[in-house]
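Structure below is input31.cif: mmCIF, C-alpha atoms.
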data_entry
loop_
_atom_site.label_atom_id
_atom_site.label_comp_id
_atom_site.auth_asym_id
_atom_site.auth_seq_id
_atom_site.Cartn_x
_atom_site.Cartn_y
_atom_site.Cartn_z
CA MET A 1 40.23 95.92 -53.45
CA ALA A 2 39.18 92.55 -54.88
CA TYR A 3 42.00 90.26 -55.92
CA GLU A 4 42.14 89.56 -59.63
CA LEU A 5 43.36 86.09 -60.54
CA GLN A 6 46.57 86.03 -62.55
CA TYR A 7 46.53 82.98 -64.78
CA TYR A 8 49.49 83.39 -67.10
CA PRO A 9 52.25 85.94 -67.79
CA GLY A 10 53.03 87.62 -71.07
CA ALA A 11 52.05 90.55 -73.28
CA THR A 12 51.50 88.80 -76.62
CA SER A 13 48.25 87.62 -78.21
CA VAL A 14 49.19 84.01 -77.42
CA ALA A 15 49.62 84.82 -73.73
CA GLU A 16 46.29 86.67 -73.67
CA ASN A 17 44.55 83.73 -75.35
CA ARG A 18 46.05 81.36 -72.77
CA ARG A 19 44.66 83.53 -69.98
CA LYS A 20 41.22 83.46 -71.64
CA HIS A 21 41.21 79.68 -71.92
CA MET A 22 42.31 79.25 -68.31
CA SER A 23 39.74 81.72 -66.96
CA GLY A 24 36.89 80.42 -69.11
CA LYS A 25 36.23 83.94 -70.45
CA VAL A 26 36.09 82.87 -74.10
CA GLU A 27 33.87 83.95 -76.95
CA LYS A 28 31.02 81.69 -78.07
CA LEU A 29 31.20 81.20 -81.84
CA ARG A 30 28.68 78.45 -82.70
CA GLU A 31 25.78 76.32 -81.44
CA ILE A 32 25.91 72.55 -81.05
CA SER A 33 22.57 70.97 -80.10
CA ASP A 34 22.40 68.44 -77.26
CA ASP A 35 21.37 65.68 -79.66
CA ASP A 36 24.21 66.48 -82.06
CA LEU A 37 26.67 66.49 -79.16
CA THR A 38 25.40 63.10 -78.02
CA LEU A 39 25.77 61.73 -81.56
CA VAL A 40 29.41 62.77 -82.00
CA LEU A 41 30.43 61.66 -78.50
CA GLY A 42 28.99 58.22 -79.19
CA HIS A 43 28.38 57.12 -75.60
CA ARG A 44 24.57 56.78 -75.76
CA ALA A 45 21.66 57.30 -78.13
CA PRO A 46 20.33 60.88 -78.44
CA GLY A 47 17.35 61.44 -76.16
CA SER A 48 18.03 58.35 -74.05
CA ASP A 49 18.40 58.38 -70.28
CA TYR A 50 21.84 58.59 -68.73
CA PRO A 51 22.97 55.09 -67.66
CA SER A 52 23.97 54.99 -64.01
CA THR A 53 26.41 53.08 -61.85
CA HIS A 54 24.57 53.68 -58.57
CA PRO A 55 21.21 55.09 -57.40
CA PRO A 56 20.80 58.87 -57.01
CA LEU A 57 22.62 60.07 -53.90
CA ALA A 58 19.33 61.22 -52.33
CA GLU A 59 18.12 57.59 -52.37
CA MET A 60 21.27 55.95 -51.03
CA GLY A 61 20.98 56.81 -47.35
CA GLU A 62 24.68 57.46 -46.89
CA PRO A 63 26.08 57.90 -43.36
CA GLU A 64 26.73 61.37 -42.01
CA CYS A 65 29.96 62.92 -43.27
CA SER A 66 31.21 66.45 -42.71
CA ILE A 67 33.02 66.49 -46.05
CA ARG A 68 29.84 65.46 -47.88
CA GLU A 69 28.05 68.33 -46.18
CA LEU A 70 30.73 70.80 -47.30
CA VAL A 71 31.10 69.66 -50.92
CA GLU A 72 28.08 69.96 -53.20
CA PRO A 73 28.06 66.98 -55.61
CA THR A 74 27.98 67.68 -59.32
CA PRO A 75 24.71 66.99 -61.19
CA GLY A 76 26.21 63.81 -62.62
CA ALA A 77 27.32 62.56 -59.21
CA LYS A 78 23.90 63.37 -57.71
CA ALA A 79 22.18 61.30 -60.39
CA GLY A 80 24.65 58.39 -60.21
CA ASP A 81 25.90 58.78 -63.80
CA ARG A 82 28.62 56.49 -65.08
CA VAL A 83 32.01 58.05 -65.96
CA ARG A 84 32.63 58.81 -69.63
CA TYR A 85 35.19 60.79 -71.63
CA VAL A 86 35.67 63.38 -74.35
CA GLN A 87 38.99 63.59 -76.18
CA PHE A 88 40.20 66.49 -78.35
CA VAL A 89 43.03 66.66 -80.86
CA ASP A 90 44.40 70.10 -81.79
CA SER A 91 46.52 70.93 -84.83
CA MET A 92 49.96 72.38 -84.22
CA TYR A 93 49.28 74.71 -87.17
CA ASN A 94 47.68 77.50 -85.13
CA GLY A 95 44.94 75.40 -83.58
CA PRO A 96 43.07 77.61 -81.08
CA SER A 97 43.91 75.43 -78.09
CA VAL A 98 46.59 72.98 -77.00
CA PRO A 99 46.25 69.96 -74.70
CA TYR A 100 47.55 71.66 -71.55
CA PHE A 101 45.16 74.59 -71.88
CA ARG A 102 42.15 72.37 -72.47
CA SER A 103 43.14 70.65 -69.21
CA TYR A 104 43.59 73.96 -67.41
CA ASN A 105 40.18 75.11 -68.64
CA ALA A 106 38.50 71.94 -67.38
CA ALA A 107 40.30 71.79 -64.03
CA ILE A 108 39.85 75.48 -63.19
CA ASN A 109 36.27 76.03 -64.36
CA PHE A 110 34.54 72.68 -63.79
CA ARG A 111 34.27 70.29 -60.85
CA GLY A 112 34.55 66.51 -60.68
CA VAL A 113 36.81 66.30 -63.72
CA ASP A 114 39.87 64.15 -64.43
CA PRO A 115 41.87 65.78 -67.26
CA GLY A 116 44.64 63.89 -69.03
CA THR A 117 47.23 65.79 -71.05
CA LEU A 118 49.37 64.23 -73.78
CA SER A 119 51.51 65.73 -76.52
CA GLY A 120 48.86 65.52 -79.24
CA ARG A 121 45.56 64.95 -77.48
CA GLN A 122 43.64 65.85 -74.35
CA VAL A 123 41.04 63.75 -72.55
CA VAL A 124 38.60 64.65 -69.79
CA GLU A 125 36.82 61.97 -67.79
CA ALA A 126 33.83 62.89 -65.63
CA ARG A 127 30.29 61.81 -64.82
CA GLU A 128 28.52 61.68 -68.17
CA ARG A 129 26.33 64.79 -67.97
CA ASP A 130 29.17 66.76 -66.41
CA MET A 131 31.51 65.65 -69.21
CA GLU A 132 28.95 66.75 -71.81
CA GLU A 133 28.86 70.23 -70.26
CA ILE A 134 32.63 70.56 -70.68
CA ALA A 135 32.58 69.16 -74.22
CA LYS A 136 29.79 71.53 -75.28
CA PHE A 137 31.56 74.53 -73.76
CA GLN A 138 34.85 73.83 -75.50
CA MET A 139 33.24 72.92 -78.85
CA GLU A 140 31.03 76.01 -79.02
CA THR A 141 33.65 78.61 -78.10
CA GLU A 142 36.82 80.04 -79.57
CA MET A 143 38.70 77.16 -77.93
CA THR A 144 37.82 75.09 -81.01
CA CYS A 145 38.02 75.56 -84.75
CA PRO A 146 36.24 72.60 -86.41
CA ALA A 147 38.97 72.37 -89.06
CA LEU A 148 41.92 72.59 -86.65
CA ALA A 149 40.51 70.59 -83.73
CA SER A 150 38.35 67.49 -83.57
CA LEU A 151 36.95 64.83 -81.27
CA ARG A 152 39.03 61.68 -81.55
CA GLY A 153 38.56 58.94 -79.01
CA ALA A 154 40.76 56.56 -81.00
CA THR A 155 43.36 56.80 -83.80
CA VAL A 156 44.27 60.37 -82.91
CA HIS A 157 47.10 60.91 -85.41
CA GLY A 158 47.20 64.12 -87.40
CA HIS A 159 47.92 67.00 -85.02
CA SER A 160 51.52 67.49 -86.23
CA LEU A 161 50.92 66.93 -89.95
CA ARG A 162 50.87 69.77 -92.45
CA LEU A 163 47.37 70.89 -93.35
CA PRO A 164 45.97 69.71 -96.70
CA GLU A 165 44.63 72.17 -99.28
CA ASP A 166 41.19 72.42 -97.67
CA GLY A 167 42.75 73.34 -94.31
CA VAL A 168 41.16 70.42 -92.41
CA MET A 169 43.53 68.55 -90.10
CA PHE A 170 44.32 65.04 -91.34
CA ASP A 171 42.27 62.24 -89.78
CA MET A 172 43.03 58.60 -90.59
CA LEU A 173 39.42 57.66 -89.77
CA ASP A 174 37.92 60.52 -91.81
CA ARG A 175 35.52 61.69 -89.10
CA CYS A 176 35.24 65.29 -90.38
CA ARG A 177 34.99 66.76 -93.86
CA LYS A 178 34.59 70.19 -95.35
CA GLU A 179 31.34 70.47 -97.29
CA GLY A 180 30.79 73.87 -98.86
CA ASP A 181 31.89 76.44 -96.31
CA VAL A 182 31.24 74.34 -93.18
CA ILE A 183 32.80 71.33 -91.43
CA VAL A 184 30.56 68.31 -90.94
CA MET A 185 31.17 65.28 -88.75
CA HIS A 186 29.71 62.04 -90.12
CA LYS A 187 31.29 59.60 -87.63
CA ASP A 188 31.46 59.70 -83.84
CA GLN A 189 34.67 60.29 -81.93
CA VAL A 190 35.83 56.69 -82.27
CA GLY A 191 35.05 56.52 -85.99
CA ARG A 192 31.67 54.78 -86.04
CA PRO A 193 29.22 56.09 -88.68
CA ILE A 194 26.35 58.13 -87.21
CA ASP A 195 22.76 58.52 -88.40
CA LYS A 196 23.15 62.05 -89.76
CA LYS A 197 25.85 64.57 -90.53
CA VAL A 198 26.49 67.03 -87.73
CA ASN A 199 27.26 70.60 -88.81
CA LEU A 200 30.15 71.90 -86.69
CA GLY A 201 30.15 75.36 -88.29
CA LYS A 202 32.55 77.37 -90.39
CA PRO A 203 36.31 76.97 -89.94
CA MET A 204 38.44 79.92 -88.93
CA SER A 205 40.37 81.69 -91.64
CA PRO A 206 44.17 81.35 -91.38
CA GLU A 207 44.32 84.95 -90.17
CA GLU A 208 41.70 84.41 -87.45
CA ALA A 209 43.35 81.17 -86.33
CA ALA A 210 46.70 82.96 -86.02
CA LYS A 211 45.02 85.64 -83.89
CA ARG A 212 43.18 83.20 -81.59
CA THR A 213 45.80 80.48 -81.17
CA THR A 214 47.44 79.53 -77.85
CA ILE A 215 50.47 78.06 -79.66
CA TYR A 216 53.79 79.89 -79.86
CA ARG A 217 55.21 79.46 -83.36
CA VAL A 218 58.23 81.13 -84.91
CA ASP A 219 56.12 81.94 -88.01
CA ASN A 220 53.42 83.71 -85.97
CA VAL A 221 54.17 84.74 -82.35
CA ALA A 222 57.53 83.33 -81.29
CA PHE A 223 57.99 82.07 -77.74
CA ARG A 224 61.22 84.04 -77.34
CA ASP A 225 59.42 87.27 -78.26
CA ASP A 226 57.42 87.16 -75.01
CA ALA A 227 59.95 88.44 -72.47
CA GLU A 228 57.74 88.08 -69.40
CA VAL A 229 56.93 84.45 -70.24
CA ILE A 230 60.64 83.68 -70.66
CA GLU A 231 61.39 85.35 -67.32
CA TRP A 232 58.80 83.25 -65.46
CA VAL A 233 59.72 80.00 -67.19
CA HIS A 234 63.35 80.59 -66.15
CA ARG A 235 62.29 81.46 -62.61
CA VAL A 236 60.13 78.34 -62.18
CA PHE A 237 62.84 76.11 -63.68
CA ASP A 238 65.53 77.64 -61.46
CA GLN A 239 63.51 77.35 -58.26
CA ARG A 240 62.41 73.77 -58.96
CA THR A 241 66.01 72.80 -59.69
CA THR A 242 67.33 74.56 -56.59
CA TYR A 243 64.72 72.90 -54.38
CA GLY A 244 65.57 69.52 -55.91
CA PHE A 245 69.16 69.82 -54.67
CA LYS A 246 67.94 70.82 -51.18
CA PRO A 247 70.71 73.31 -50.40
CA GLU A 248 71.51 73.92 -46.76
CA ASN A 249 71.10 77.70 -46.91
#

Taking this structure as input, can you express it in the form of structure tokens?
Amino acid sequence: MAYELQYYPGATSVAENRRKHMSGKVEKLREISDDDLTLVLGHRAPGSDYPSTHPPLAEMGEPECSIRELVEPTPGAKAGDRVRYVQFVDSMYNGPSVPYFRSYNAAINFRGVDPGTLSGRQVVEARERDMEEIAKFQMETEMTCPALASLRGATVHGHSLRLPEDGVMFDMLDRCRKEGDVIVMHKDQVGRPIDKKVNLGKPMSPEEAAKRTTIYRVDNVAFRDDAEVIEWVHRVFDQRTTYGFKPEN
């Protein structure tokens, strides 16, 4: 019988959503064109070639290496792309994802990535075209609600603030706005104005966000209500502590 990966314990909707984000088996909710993605990332002009830091690997004439033969390089590494980043901020008010689970998604499902996890933001560095693949995946799926998550490469504040009346997470640089029933981004991730507004799609309703979130909250799905998660958190904490003391027996 084939082994089925077990990503995360728990019987609640939050636990199930965490398993989905880790496995990459998430629902696609919207389309973001390649040019629009390039605009909001702000690393190069839409339609331009990828800048490189070295020639394509096929042209470099590298010496024989058994590891190189075993490990297939990513498309970005093959082409010699420079390393670039995408950084997400997720609202604590039932945002679909949280920094750790964006990192898990990137590290488990993509290669050649360097995820960084902080309390209110999550960054992934990778070769540029590989990074764009990750950004597009996370932006187009249920991992992101355009009102409760946004690209912020600088001045990231807002994830822990109460939502304003329109339900769009506060942004000091005003990169995203609600226009009609959709969220538009009119600046790139570091706050520079872009040539056109990028339609990020409709925001989730409060009810849908509560159903899709990976955040335990006492006013939705409380952490202490998930007995299996509590059991495993206690077990991991106990075993790490015991190992730290290095008992003789």

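Applied to the file shown here, the PyMOL selection byres ((chain A and resi 161) around 12) selects Asp90, Ser91, Met92, Tyr93, Gly120, Leu148, Val156, His157, Gly158, His159, Ser160, Arg162, Leu163, Pro164, Gly167, Val168, Met169, Phe170, Asp171 and Met172 of chain A.
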
(message) What does the structure give for the distance between atom CA of A:Tyr85 and atom CA of A:Glu142, in Å to one decimal?
(response)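 Going from atom CA of A:Tyr85 over to atom CA of A:Glu142, I get 20.9 Å.
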
Just so the selection is clear, what residues does the PyMOL selection byres ((chain A and resi 111) around 9) cover here, as a CSV table (one decimal) with C-alpha atoms, in the coordinates of the input?
chain,number,residue,atom,x,y,z
A,73,PRO,CA,28.1,67.0,-55.6
A,74,THR,CA,28.0,67.7,-59.3
A,106,ALA,CA,38.5,71.9,-67.4
A,107,ALA,CA,40.3,71.8,-64.0
A,108,ILE,CA,39.8,75.5,-63.2
A,109,ASN,CA,36.3,76.0,-64.4
A,110,PHE,CA,34.5,72.7,-63.8
A,112,GLY,CA,34.6,66.5,-60.7
A,113,VAL,CA,36.8,66.3,-63.7
A,126,ALA,CA,33.8,62.9,-65.6
A,130,ASP,CA,29.2,66.8,-66.4

(request) State, in Å with one decimal place, the distance from atom CA of A:Lys136 to atom CA of A:Glu31. (result) 8.8 Å

(message) Need to verify the contact set: A:Val221, 12 Å, only C-alpha atoms, exclusion of same-chain residues closer than 5 positions in sequence. Can you return it as number ranges by chain?
(response) A: 10-17, 94, 210-216, 226

(request) Compare A:Met185, A:Cys176, A:Leu57, A:Val83 by their minimum atom-to-atom distance to A:Arg129, counting all atoms listed in the file, and give me the closest one. (result)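 Closest candidate: A:Val83.
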
(request) Using the chain letters and numbers from the file, give me the residues hit by the PyMOL selection byres ((chain A and resi 132) around 10), as a PyMOL selection string. (result) chain A and resi 34+37-38+41+84-86+126-131+133-138

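Those residues that approach A:Pro46 to within 12 Å, counting only C-alpha atoms, are Ser33, Asp34, Asp35, Asp36, Leu37, Thr38, Leu39, Val40, Ile194, Asp195 and Lys196 of chain A; same-chain residues fewer than 6 positions away are not listed.
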
(request) Go ahead and compute the interatomic distance for atom CA of A:Lys178 and atom CA of A:Arg121, in Å to one decimal. (result) 21.6 Å

(request) Choose the residue, out of A:Ser119, A:Val89, A:Pro63, A:Pro193, that has the smallest atom-to-atom separation from A:Ala154; count only C-alpha atoms. (result) A:Val89

(request) Could you check which of A:Asp166, A:Glu228, A:Asp174, A:Glu140 is closest to A:Leu200, using only C-alpha atoms? (result) A:Glu140

Where is the centre and how long are the edges: axis-aligned box on stretch 57-68 of chain A, 8 Å on each side, Å to one decimal, as lines of an AutoDock Vina configuration file:
center_x = 25.6
center_y = 61.2
center_z = -48.0
size_x = 30.9
size_y = 26.5
size_z = 27.9
